[in-house]
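What follows is the content of target_30.cif, which has mmCIF, C-alpha atoms:
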data_protein
loop_
_atom_site.group_PDB
_atom_site.id
_atom_site.type_symbol
_atom_site.label_atom_id
_atom_site.label_comp_id
_atom_site.auth_asym_id
_atom_site.auth_seq_id
_atom_site.Cartn_x
_atom_site.Cartn_y
_atom_site.Cartn_z
ATOM 1 C CA MET A 19 17.385 17.337 23.004
ATOM 2 C CA ARG A 20 17.026 14.567 20.451
ATOM 3 C CA SER A 21 19.497 12.394 22.361
ATOM 4 C CA PHE A 22 16.955 12.193 25.187
ATOM 5 C CA ASN A 23 14.080 10.987 22.936
ATOM 6 C CA VAL A 24 14.525 7.287 23.647
ATOM 7 C CA PHE A 25 15.017 7.886 27.372
ATOM 8 C CA ILE A 26 11.806 9.925 27.499
ATOM 9 C CA SER A 27 9.899 7.322 25.476
ATOM 10 C CA ILE A 28 10.964 4.528 27.823
ATOM 11 C CA ALA A 29 10.202 6.647 30.887
ATOM 12 C CA LEU A 30 6.730 7.459 29.575
ATOM 13 C CA LEU A 31 6.212 3.809 28.772
ATOM 14 C CA ALA A 32 7.147 2.825 32.298
ATOM 15 C CA GLY A 33 4.712 5.419 33.612
ATOM 16 C CA SER A 34 1.926 4.217 31.355
ATOM 17 C CA LEU A 35 2.659 0.658 32.478
ATOM 18 C CA PHE A 36 2.153 1.685 36.107
ATOM 19 C CA ALA A 37 -1.068 3.503 35.199
ATOM 20 C CA ALA A 38 -2.361 0.549 33.212
ATOM 21 C CA GLN A 39 -1.786 -1.755 36.155
ATOM 22 C CA ASN A 40 -4.036 0.442 38.296
ATOM 23 C CA LYS A 41 -6.969 0.579 35.868
ATOM 24 C CA VAL A 42 -9.976 -1.660 36.216
ATOM 25 C CA VAL A 43 -9.668 -3.682 32.998
ATOM 26 C CA PRO A 44 -10.081 -7.376 32.164
ATOM 27 C CA ALA A 45 -7.122 -9.170 33.716
ATOM 28 C CA ARG A 46 -6.005 -11.196 30.687
ATOM 29 C CA ALA A 47 -5.568 -8.227 28.324
ATOM 30 C CA SER A 48 -4.043 -6.119 31.080
ATOM 31 C CA ARG A 49 -1.528 -8.843 32.000
ATOM 32 C CA ALA A 50 -0.550 -9.299 28.351
ATOM 33 C CA ILE A 51 0.074 -5.574 27.871
ATOM 34 C CA ALA A 52 2.011 -5.329 31.133
ATOM 35 C CA ALA A 53 4.154 -8.335 30.195
ATOM 36 C CA ALA A 54 4.785 -6.947 26.699
ATOM 37 C CA ARG A 55 5.831 -3.570 28.056
ATOM 38 C CA GLN A 56 8.220 -5.250 30.446
ATOM 39 C CA LYS A 57 9.826 -7.042 27.496
ATOM 40 C CA ILE A 58 10.163 -3.676 25.752
ATOM 41 C CA LEU A 59 11.852 -2.244 28.843
ATOM 42 C CA ASP A 60 14.215 -5.241 28.615
ATOM 43 C CA GLY A 61 14.904 -4.345 24.978
ATOM 44 C CA ASP A 62 13.130 -7.367 23.452
ATOM 45 C CA ARG A 63 10.554 -6.132 20.914
ATOM 46 C CA VAL A 64 10.106 -9.551 19.293
ATOM 47 C CA ALA A 65 9.065 -11.185 22.556
ATOM 48 C CA ALA A 66 6.789 -8.241 23.396
ATOM 49 C CA LEU A 67 4.898 -8.558 20.113
ATOM 50 C CA GLN A 68 4.619 -12.329 20.492
ATOM 51 C CA ILE A 69 2.896 -11.851 23.848
ATOM 52 C CA LEU A 70 0.398 -9.368 22.422
ATOM 53 C CA LYS A 71 -0.374 -11.470 19.355
ATOM 54 C CA ALA A 72 -0.960 -14.550 21.479
ATOM 55 C CA ALA A 73 -3.371 -12.524 23.604
ATOM 56 C CA LEU A 74 -5.180 -11.308 20.487
ATOM 57 C CA LEU A 75 -5.739 -14.885 19.328
ATOM 58 C CA ASN A 76 -7.524 -15.669 22.585
ATOM 59 C CA GLU A 77 -9.464 -12.413 22.860
ATOM 60 C CA LYS A 78 -13.097 -12.105 21.697
ATOM 61 C CA ASP A 79 -14.157 -8.731 23.061
ATOM 62 C CA PRO A 80 -13.866 -6.031 20.310
ATOM 63 C CA ALA A 81 -12.828 -3.249 22.676
ATOM 64 C CA ARG A 82 -10.064 -5.329 24.246
ATOM 65 C CA MET A 83 -8.940 -6.515 20.804
ATOM 66 C CA THR A 84 -8.629 -2.892 19.694
ATOM 67 C CA ARG A 85 -6.629 -2.067 22.800
ATOM 68 C CA LEU A 86 -4.252 -4.950 22.137
ATOM 69 C CA GLN A 87 -3.926 -4.033 18.453
ATOM 70 C CA ASN A 88 -3.139 -0.419 19.346
ATOM 71 C CA GLU A 89 -0.459 -1.654 21.710
ATOM 72 C CA VAL A 90 1.074 -3.745 18.919
ATOM 73 C CA THR A 91 1.271 -0.654 16.701
ATOM 74 C CA HIS A 92 2.712 1.472 19.499
ATOM 75 C CA LEU A 93 5.424 -1.007 20.475
ATOM 76 C CA SER A 94 6.242 -1.791 16.831
ATOM 77 C CA GLU A 95 7.254 1.794 16.098
ATOM 78 C CA LEU A 96 8.851 2.657 19.441
ATOM 79 C CA PHE A 97 12.602 3.339 19.336
ATOM 80 C CA LEU A 98 14.547 1.348 21.896
ATOM 81 C CA THR A 99 18.019 2.788 21.261
ATOM 82 C CA ASN A 100 19.431 6.230 20.622
ATOM 83 C CA ASP A 101 21.759 4.863 17.949
ATOM 84 C CA GLY A 102 18.892 3.192 16.108
ATOM 85 C CA GLN A 103 16.863 6.394 16.098
ATOM 86 C CA LYS A 104 19.832 8.432 14.878
ATOM 87 C CA LYS A 105 20.492 5.971 12.056
ATOM 88 C CA PHE A 106 16.831 6.131 11.031
ATOM 89 C CA GLU A 107 16.844 9.931 10.993
ATOM 90 C CA LEU A 108 20.045 9.915 8.928
ATOM 91 C CA ALA A 109 18.545 7.461 6.423
ATOM 92 C CA GLU A 110 15.382 9.568 6.115
ATOM 93 C CA SER A 111 17.431 12.735 5.615
ATOM 94 C CA ASP A 112 19.547 11.057 2.944
ATOM 95 C CA ARG A 113 16.457 9.747 1.136
ATOM 96 C CA HIS A 114 14.699 13.115 1.266
ATOM 97 C CA SER A 115 17.735 14.896 -0.163
ATOM 98 C CA GLY A 116 18.231 12.358 -2.951
ATOM 99 C CA GLY A 117 21.435 10.966 -1.451
ATOM 100 C CA PRO A 118 22.882 7.650 -2.617
ATOM 101 C CA ASP A 119 23.453 5.716 0.613
ATOM 102 C CA TYR A 120 20.135 5.612 2.450
ATOM 103 C CA LEU A 121 19.420 1.902 1.871
ATOM 104 C CA SER A 122 22.568 0.818 3.694
ATOM 105 C CA ILE A 123 21.764 3.255 6.515
ATOM 106 C CA TYR A 124 18.259 1.795 6.862
ATOM 107 C CA ASP A 125 19.911 -1.638 7.025
ATOM 108 C CA ASP A 126 22.142 -0.453 9.865
ATOM 109 C CA ALA A 127 19.161 1.054 11.691
ATOM 110 C CA LEU A 128 17.208 -2.190 11.450
ATOM 111 C CA LYS A 129 20.111 -4.148 12.880
ATOM 112 C CA LEU A 130 19.888 -1.910 15.943
ATOM 113 C CA GLU A 131 16.065 -1.824 15.964
ATOM 114 C CA PRO A 132 14.754 -5.153 14.579
ATOM 115 C CA GLY A 133 11.010 -5.075 13.955
ATOM 116 C CA ASN A 134 10.728 -1.266 14.082
ATOM 117 C CA THR A 135 7.977 -0.527 11.563
ATOM 118 C CA ARG A 136 8.868 3.147 11.182
ATOM 119 C CA ILE A 137 12.299 2.161 9.894
ATOM 120 C CA MET A 138 10.814 -0.615 7.764
ATOM 121 C CA ALA A 139 8.326 1.779 6.138
ATOM 122 C CA GLY A 140 11.108 4.178 5.147
ATOM 123 C CA TYR A 141 13.100 1.232 3.827
ATOM 124 C CA VAL A 142 10.176 0.129 1.623
ATOM 125 C CA LEU A 143 9.887 3.634 0.153
ATOM 126 C CA GLY A 144 13.623 3.754 -0.462
ATOM 127 C CA LEU A 145 13.597 0.366 -2.186
ATOM 128 C CA ILE A 146 10.746 1.470 -4.450
ATOM 129 C CA ALA A 147 12.632 4.651 -5.358
ATOM 130 C CA LYS A 148 15.658 2.522 -6.268
ATOM 131 C CA LYS A 149 13.418 0.134 -8.253
ATOM 132 C CA GLU A 150 14.298 -2.785 -5.988
ATOM 133 C CA CYS A 151 10.662 -3.807 -6.198
ATOM 134 C CA ARG A 152 10.764 -7.452 -5.131
ATOM 135 C CA LYS A 153 12.789 -6.579 -2.051
ATOM 136 C CA ALA A 154 10.263 -3.836 -1.281
ATOM 137 C CA LEU A 155 7.482 -6.442 -1.412
ATOM 138 C CA ASP A 156 9.436 -8.695 0.952
ATOM 139 C CA GLU A 157 9.936 -5.820 3.386
ATOM 140 C CA ALA A 158 6.236 -4.924 3.235
ATOM 141 C CA ALA A 159 5.482 -8.551 4.092
ATOM 142 C CA GLU A 160 7.780 -8.206 7.114
ATOM 143 C CA ILE A 161 5.750 -5.190 8.251
ATOM 144 C CA GLN A 162 2.598 -7.270 7.827
ATOM 145 C CA GLU A 163 4.142 -9.860 10.109
ATOM 146 C CA SER A 164 5.112 -7.283 12.741
ATOM 147 C CA ASP A 165 1.981 -5.117 12.682
ATOM 148 C CA PRO A 166 -0.838 -6.055 10.269
ATOM 149 C CA ASN A 167 -2.803 -2.993 11.425
ATOM 150 C CA MET A 168 -0.167 -0.403 10.584
ATOM 151 C CA PRO A 169 -2.131 2.488 8.949
ATOM 152 C CA GLU A 170 0.306 2.891 6.051
ATOM 153 C CA LEU A 171 0.671 -0.825 5.302
ATOM 154 C CA ARG A 172 -1.956 -1.153 2.573
ATOM 155 C CA TYR A 173 -0.532 1.830 0.719
ATOM 156 C CA LEU A 174 3.079 0.639 1.053
ATOM 157 C CA THR A 175 2.141 -2.829 -0.179
ATOM 158 C CA PHE A 176 0.212 -1.357 -3.106
ATOM 159 C CA ARG A 177 3.144 0.825 -4.164
ATOM 160 C CA ALA A 178 5.530 -2.136 -3.908
ATOM 161 C CA GLN A 179 3.157 -4.252 -6.024
ATOM 162 C CA LEU A 180 2.789 -1.446 -8.540
ATOM 163 C CA CYS A 181 6.568 -1.197 -8.730
ATOM 164 C CA ALA A 182 7.048 -4.951 -9.157
ATOM 165 C CA ASP A 183 4.307 -5.853 -11.636
ATOM 166 C CA PRO A 184 1.513 -3.390 -12.498
ATOM 167 C CA SER A 185 -0.206 -6.002 -14.671
ATOM 168 C CA ALA A 186 -0.772 -8.215 -11.620
ATOM 169 C CA LEU A 187 -3.108 -5.663 -10.013
ATOM 170 C CA THR A 188 -6.835 -5.616 -10.634
ATOM 171 C CA THR A 189 -9.222 -2.674 -10.367
ATOM 172 C CA LYS A 190 -11.541 -4.634 -8.078
ATOM 173 C CA ASN A 191 -8.766 -5.200 -5.548
ATOM 174 C CA ASP A 192 -7.148 -1.804 -5.925
ATOM 175 C CA LEU A 193 -10.367 0.081 -5.190
ATOM 176 C CA ALA A 194 -9.836 -0.956 -1.569
ATOM 177 C CA LEU A 195 -7.004 1.562 -1.486
ATOM 178 C CA ASP A 196 -9.527 4.389 -1.773
ATOM 179 C CA ALA A 197 -11.214 3.172 1.413
ATOM 180 C CA ASP A 198 -7.937 3.430 3.294
ATOM 181 C CA LYS A 199 -7.574 6.164 5.908
ATOM 182 C CA PHE A 200 -4.056 6.961 4.708
ATOM 183 C CA SER A 201 -3.483 10.391 3.128
ATOM 184 C CA ALA A 202 -5.650 10.919 0.049
ATOM 185 C CA ILE A 203 -3.004 12.585 -2.135
ATOM 186 C CA TYR A 204 -0.771 9.500 -2.017
ATOM 187 C CA ARG A 205 -3.691 7.204 -2.797
ATOM 188 C CA LYS A 206 -4.896 9.310 -5.732
ATOM 189 C CA VAL A 207 -1.426 9.556 -7.252
ATOM 190 C CA ALA A 208 -0.868 5.815 -6.792
ATOM 191 C CA ARG A 209 -4.166 5.141 -8.563
ATOM 192 C CA SER A 210 -3.199 7.571 -11.349
ATOM 193 C CA GLU A 211 0.051 5.677 -11.900
ATOM 194 C CA GLU A 212 -1.813 2.379 -11.879
ATOM 195 C CA GLU A 213 -4.379 3.520 -14.466
ATOM 196 C CA PHE A 214 -1.634 4.976 -16.676
ATOM 197 C CA ASP A 215 0.266 1.689 -16.599
ATOM 198 C CA ARG A 216 -2.943 -0.092 -17.609
ATOM 199 C CA GLY A 217 -3.303 2.228 -20.585
ATOM 200 C CA ASP A 218 -6.370 4.102 -19.304
ATOM 201 C CA VAL A 219 -5.009 7.639 -19.647
ATOM 202 C CA GLN A 220 -8.387 9.307 -19.055
ATOM 203 C CA SER A 221 -8.787 7.596 -15.700
ATOM 204 C CA ALA A 222 -5.153 8.388 -14.885
ATOM 205 C CA LEU A 223 -5.807 12.054 -15.614
ATOM 206 C CA GLU A 224 -8.936 12.078 -13.428
ATOM 207 C CA PHE A 225 -7.026 10.677 -10.453
ATOM 208 C CA ALA A 226 -4.195 13.170 -10.995
ATOM 209 C CA ARG A 227 -6.642 16.083 -11.138
ATOM 210 C CA ALA A 228 -8.336 14.814 -7.977
ATOM 211 C CA ALA A 229 -4.945 14.834 -6.231
ATOM 212 C CA ILE A 230 -4.296 18.400 -7.412
ATOM 213 C CA LYS A 231 -7.606 19.506 -5.889
ATOM 214 C CA ILE A 232 -6.534 18.029 -2.557
ATOM 215 C CA ASP A 233 -3.072 19.661 -2.591
ATOM 216 C CA ASP A 234 -1.955 21.856 -5.496
ATOM 217 C CA LYS A 235 1.639 21.916 -4.234
ATOM 218 C CA PHE A 236 2.231 18.152 -4.538
ATOM 219 C CA PRO A 237 4.576 17.689 -7.550
ATOM 220 C CA GLU A 238 3.696 14.086 -8.458
ATOM 221 C CA SER A 239 0.075 15.002 -9.210
ATOM 222 C CA TYR A 240 1.291 17.207 -12.071
ATOM 223 C CA TYR A 241 3.720 14.552 -13.232
ATOM 224 C CA TRP A 242 0.964 11.998 -13.823
ATOM 225 C CA ALA A 243 -1.322 14.666 -15.293
ATOM 226 C CA TYR A 244 1.318 15.510 -17.901
ATOM 227 C CA LYS A 245 1.988 11.814 -18.556
ATOM 228 C CA ALA A 246 -1.702 11.246 -19.242
ATOM 229 C CA GLU A 247 -1.801 14.157 -21.717
ATOM 230 C CA GLN A 248 1.637 13.870 -23.262
ATOM 231 C CA ALA A 249 0.596 12.101 -26.483
ATOM 232 C CA ASP A 250 -0.908 15.172 -28.160
ATOM 233 C CA GLY A 251 1.312 17.764 -26.523
ATOM 234 C CA ARG A 252 -1.307 19.006 -24.058
ATOM 235 C CA GLY A 253 0.821 18.078 -21.079
ATOM 236 C CA VAL A 254 3.317 20.930 -21.294
ATOM 237 C CA ASP A 255 1.650 23.132 -18.677
ATOM 238 C CA ASP A 256 1.486 20.302 -16.165
ATOM 239 C CA ALA A 257 5.071 19.255 -16.925
ATOM 240 C CA GLN A 258 6.261 22.826 -16.386
ATOM 241 C CA ARG A 259 4.347 23.055 -13.107
ATOM 242 C CA PHE A 260 5.931 19.768 -12.010
ATOM 243 C CA LEU A 261 9.391 21.105 -12.830
ATOM 244 C CA TYR A 262 8.721 24.403 -11.060
ATOM 245 C CA LEU A 263 7.612 22.657 -7.855
ATOM 246 C CA CYS A 264 10.476 20.171 -7.931
ATOM 247 C CA LYS A 265 13.149 22.811 -8.472
ATOM 248 C CA GLY A 266 11.809 24.763 -5.505
ATOM 249 C CA LEU A 267 11.555 21.702 -3.281
ATOM 250 C CA SER A 268 13.023 22.275 0.188
ATOM 251 C CA ALA A 269 14.106 19.694 2.728
ATOM 252 C CA GLN A 270 11.055 20.607 4.796
ATOM 253 C CA THR A 271 8.737 20.030 1.828
ATOM 254 C CA ARG A 272 10.379 16.687 1.095
ATOM 255 C CA ARG A 273 9.660 15.601 4.653
ATOM 256 C CA ARG A 274 6.080 16.793 4.268
ATOM 257 C CA TYR A 275 5.641 14.432 1.307
ATOM 258 C CA ASN A 276 7.532 11.630 3.006
ATOM 259 C CA TYR A 277 5.363 8.773 1.691
ATOM 260 C CA GLU A 278 5.809 9.478 -2.030
ATOM 261 C CA PRO A 279 8.750 7.256 -3.048
ATOM 262 C CA MET A 280 9.243 8.796 -6.498
ATOM 263 C CA LEU A 281 9.062 12.431 -5.416
ATOM 264 C CA CYS A 282 10.721 14.565 -8.121
ATOM 265 C CA THR A 283 12.877 11.714 -9.437
ATOM 266 C CA GLN A 284 11.523 12.243 -12.992
ATOM 267 C CA VAL A 285 12.805 15.806 -13.560
ATOM 268 C CA ASP A 286 15.126 14.918 -16.484
ATOM 269 C CA GLU A 287 12.300 13.108 -18.259
ATOM 270 C CA ALA A 288 9.910 16.045 -17.844
ATOM 271 C CA GLU A 289 12.514 18.553 -19.025
ATOM 272 C CA GLN A 290 13.108 16.501 -22.165
ATOM 273 C CA TYR A 291 9.375 16.342 -22.839
ATOM 274 C CA VAL A 292 9.003 20.132 -22.541
ATOM 275 C CA GLN A 293 12.000 20.731 -24.809
ATOM 276 C CA ASN A 294 10.673 18.338 -27.450
ATOM 277 C CA ALA A 295 7.186 19.852 -27.285
ATOM 278 C CA GLU A 296 8.567 23.380 -27.667
ATOM 279 C CA ALA A 297 10.750 22.312 -30.605
ATOM 280 C CA GLN A 298 7.771 20.741 -32.379
ATOM 281 C CA LYS A 299 5.742 23.891 -31.761
ATOM 282 C CA HIS A 300 8.397 26.056 -33.408
ATOM 283 C CA GLU A 301 8.712 23.670 -36.355
ATOM 284 C CA GLY A 302 4.981 23.888 -36.980
ATOM 285 C CA ALA A 303 4.914 27.697 -36.770
#
Show how you would write the structure in this file as structure tokens.
Amino acid sequence: MRSFNVFISIALLAGSLFAAQNKVVPARASRAIAAARQKILDGDRVAALQILKAALLNEKDPARMTRLQNEVTHLSELFLTNDGQKKFELAESDRHSGGPDYLSIYDDALKLEPGNTRIMAGYVLGLIAKKECRKALDEAAEIQESDPNMPELRYLTFRAQLCADPSALTTKNDLALDADKFSAIYRKVARSEEEFDRGDVQSALEFARAAIKIDDKFPESYYWAYKAEQADGRGVDDAQRFLYLCKGLSAQTRRRYNYEPMLCTQVDEAEQYVQNAEAQKHEGA
């Protein structure tokens, strides 16, 4: 059935275009959306987004601006080719399973689907996981150019900045992340990492504990909790919980936590910490 996804999406889009043309809406916004959708049907996403953004610049009514912005988001993440969608799904699967080749597969998908923000978001996460931080920032900037209202954009940009240079972030600016509508567990864990990198382990621990309260099955919450407590050996329980969750991680669970770029990539480090802590305990006995 997956091979029909793009066909169905385009068919639904054509239907929604017909419906939109029969609604009583201000002509300028309606014409812009109709013209953009026609460009999408022609396979030209770049031209479609240019039409919508030009309309937004000339629009003053908040309701019509929201409608145009929603259309930008919709057309930015729409798949226009079966091959592009298949490449994206393969890249996501490879990233979720810890495979080595997902960055090149994302590249191939973007060649088939230029400007597709779903592919670009996965690419940013993959770049962060590979510690290609500057490239992740560049890709996040490309998303900003395509769709500045993408719900995940602020989080993705924050994680790329955190990857590239934690010292460049400021608490005043980063607090805006907590006002974001994006999933709270990712935001709390990102803030925990940020505070840890600043040297504020108490604040890092508070954010990690807050994430655990939201979802006690999310491994990275326990990782940053153990990191915050590791100095005096109190982090063993959290490190063991992190290892337990990571070793039982299924493909389905990886997809569930799709937006955590470092998901269970620190297992060797945590195992070494537990071993060292246990050895010190026995020496002191």
Determine, counting all atoms listed in the file, which protein, DNA and RNA residues have an atom within 12 Å of an atom of A:Glu107; residues of the same chain fewer than 2 positions away are not included. Present the result as a list in words. Arg20, Ser21, Phe97, Asn100, Asp101, Gly102, Gln103, Lys104, Lys105, Ala109, Glu110, Ser111, Asp112, Arg113, His114, Tyr120, Ile123, Tyr124, Asp126, Ala127, Arg136, Ile137, Gly140, Tyr141 and Arg273 of chain A
Could you give me, as a compact mmCIF listing (two decimals) with C-alpha atoms, keeping the file's coordinate frame, the residues within 10 Å of stretch 165-182 of chain A, counting all atoms listed in the file and dropping anything in the same chain fewer than 4 positions from it?
# COMPACT_ATOMS: atom_id res chain seq x y z
CA LEU A 67 4.90 -8.56 20.11
CA LYS A 71 -0.37 -11.47 19.36
CA GLN A 87 -3.93 -4.03 18.45
CA ASN A 88 -3.14 -0.42 19.35
CA GLU A 89 -0.46 -1.65 21.71
CA VAL A 90 1.07 -3.74 18.92
CA THR A 91 1.27 -0.65 16.70
CA HIS A 92 2.71 1.47 19.50
CA LEU A 93 5.42 -1.01 20.48
CA SER A 94 6.24 -1.79 16.83
CA GLU A 95 7.25 1.79 16.10
CA GLY A 133 11.01 -5.08 13.96
CA ASN A 134 10.73 -1.27 14.08
CA THR A 135 7.98 -0.53 11.56
CA ARG A 136 8.87 3.15 11.18
CA ALA A 139 8.33 1.78 6.14
CA GLY A 140 11.11 4.18 5.15
CA VAL A 142 10.18 0.13 1.62
CA LEU A 143 9.89 3.63 0.15
CA LEU A 145 13.60 0.37 -2.19
CA ILE A 146 10.75 1.47 -4.45
CA ALA A 147 12.63 4.65 -5.36
CA LYS A 149 13.42 0.13 -8.25
CA GLU A 150 14.30 -2.78 -5.99
CA CYS A 151 10.66 -3.81 -6.20
CA ARG A 152 10.76 -7.45 -5.13
CA LYS A 153 12.79 -6.58 -2.05
CA ALA A 154 10.26 -3.84 -1.28
CA LEU A 155 7.48 -6.44 -1.41
CA ASP A 156 9.44 -8.70 0.95
CA GLU A 157 9.94 -5.82 3.39
CA ALA A 158 6.24 -4.92 3.24
CA ALA A 159 5.48 -8.55 4.09
CA GLU A 160 7.78 -8.21 7.11
CA ILE A 161 5.75 -5.19 8.25
CA ALA A 186 -0.77 -8.22 -11.62
CA LEU A 187 -3.11 -5.66 -10.01
CA ASP A 192 -7.15 -1.80 -5.92
CA ALA A 194 -9.84 -0.96 -1.57
CA LEU A 195 -7.00 1.56 -1.49
CA ASP A 196 -9.53 4.39 -1.77
CA ASP A 198 -7.94 3.43 3.29
CA LYS A 199 -7.57 6.16 5.91
CA PHE A 200 -4.06 6.96 4.71
CA SER A 201 -3.48 10.39 3.13
CA TYR A 204 -0.77 9.50 -2.02
CA ARG A 205 -3.69 7.20 -2.80
CA ALA A 208 -0.87 5.82 -6.79
CA ARG A 209 -4.17 5.14 -8.56
CA GLU A 211 0.05 5.68 -11.90
CA GLU A 212 -1.81 2.38 -11.88
CA ASP A 215 0.27 1.69 -16.60
CA TYR A 277 5.36 8.77 1.69
CA GLU A 278 5.81 9.48 -2.03
CA PRO A 279 8.75 7.26 -3.05
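Picture a line from atom CA of A:Ala269 to atom CA of A:Gln293; it runs 27.6 Å.
When only C-alpha atoms are used to compute distances to A:Ile69, the closest of the residues A:Gln284, A:Lys265, A:Ala229, A:Ile51 turns out to be A:Ile51.
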Using the chain letters and residue numbers of this document, give as a ChimeraX atom specification the residues selected by the PyMOL selection byres ((chain A and resi 259) around 10). /A:234-235,237,239-241,244,254-258,260-265
Residues near A:Arg252, cut-off 12 Å, only C-alpha atoms, skip fewer than 5 positions along chain, as a PyMOL selection string: chain A and resi 223+243-247+257-258+291-292+295-296+299
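Checking A:Lys78, A:Lys129, A:Thr84, A:Gly117 one by one against A:Thr99, counting all atoms listed in the file, you find the shortest gap at A:Lys129.
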Given the PyMOL selection byres ((chain A and resi 55) around 10), the residues it picks as a PDB file with C-alpha atoms, in the frame of the given file:
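The result, written out as part_1.pdb:
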ATOM      1  CA  ILE A  28      10.964   4.528  27.823  1.00  0.00           C
ATOM      2  CA  LEU A  31       6.212   3.809  28.772  1.00  0.00           C
ATOM      3  CA  ALA A  32       7.147   2.825  32.298  1.00  0.00           C
ATOM      4  CA  SER A  34       1.926   4.217  31.355  1.00  0.00           C
ATOM      5  CA  LEU A  35       2.659   0.658  32.478  1.00  0.00           C
ATOM      6  CA  ARG A  49      -1.528  -8.843  32.000  1.00  0.00           C
ATOM      7  CA  ALA A  50      -0.550  -9.299  28.351  1.00  0.00           C
ATOM      8  CA  ILE A  51       0.074  -5.574  27.871  1.00  0.00           C
ATOM      9  CA  ALA A  52       2.011  -5.329  31.133  1.00  0.00           C
ATOM     10  CA  ALA A  53       4.154  -8.335  30.195  1.00  0.00           C
ATOM     11  CA  ALA A  54       4.785  -6.947  26.699  1.00  0.00           C
ATOM     12  CA  GLN A  56       8.220  -5.250  30.446  1.00  0.00           C
ATOM     13  CA  LYS A  57       9.826  -7.042  27.496  1.00  0.00           C
ATOM     14  CA  ILE A  58      10.163  -3.676  25.752  1.00  0.00           C
ATOM     15  CA  LEU A  59      11.852  -2.244  28.843  1.00  0.00           C
ATOM     16  CA  ASP A  60      14.215  -5.241  28.615  1.00  0.00           C
ATOM     17  CA  GLY A  61      14.904  -4.345  24.978  1.00  0.00           C
ATOM     18  CA  ASP A  62      13.130  -7.367  23.452  1.00  0.00           C
ATOM     19  CA  ARG A  63      10.554  -6.132  20.914  1.00  0.00           C
ATOM     20  CA  ALA A  65       9.065 -11.185  22.556  1.00  0.00           C
ATOM     21  CA  ALA A  66       6.789  -8.241  23.396  1.00  0.00           C
ATOM     22  CA  LEU A  67       4.898  -8.558  20.113  1.00  0.00           C
ATOM     23  CA  ILE A  69       2.896 -11.851  23.848  1.00  0.00           C
ATOM     24  CA  LEU A  70       0.398  -9.368  22.422  1.00  0.00           C
ATOM     25  CA  GLU A  89      -0.459  -1.654  21.710  1.00  0.00           C
ATOM     26  CA  LEU A  93       5.424  -1.007  20.475  1.00  0.00           C
TER      27      LEU A  93
END
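Taking atom CA of A:Ser164 and atom CA of A:Ile203 as endpoints, the distance between them is 26.1 Å.
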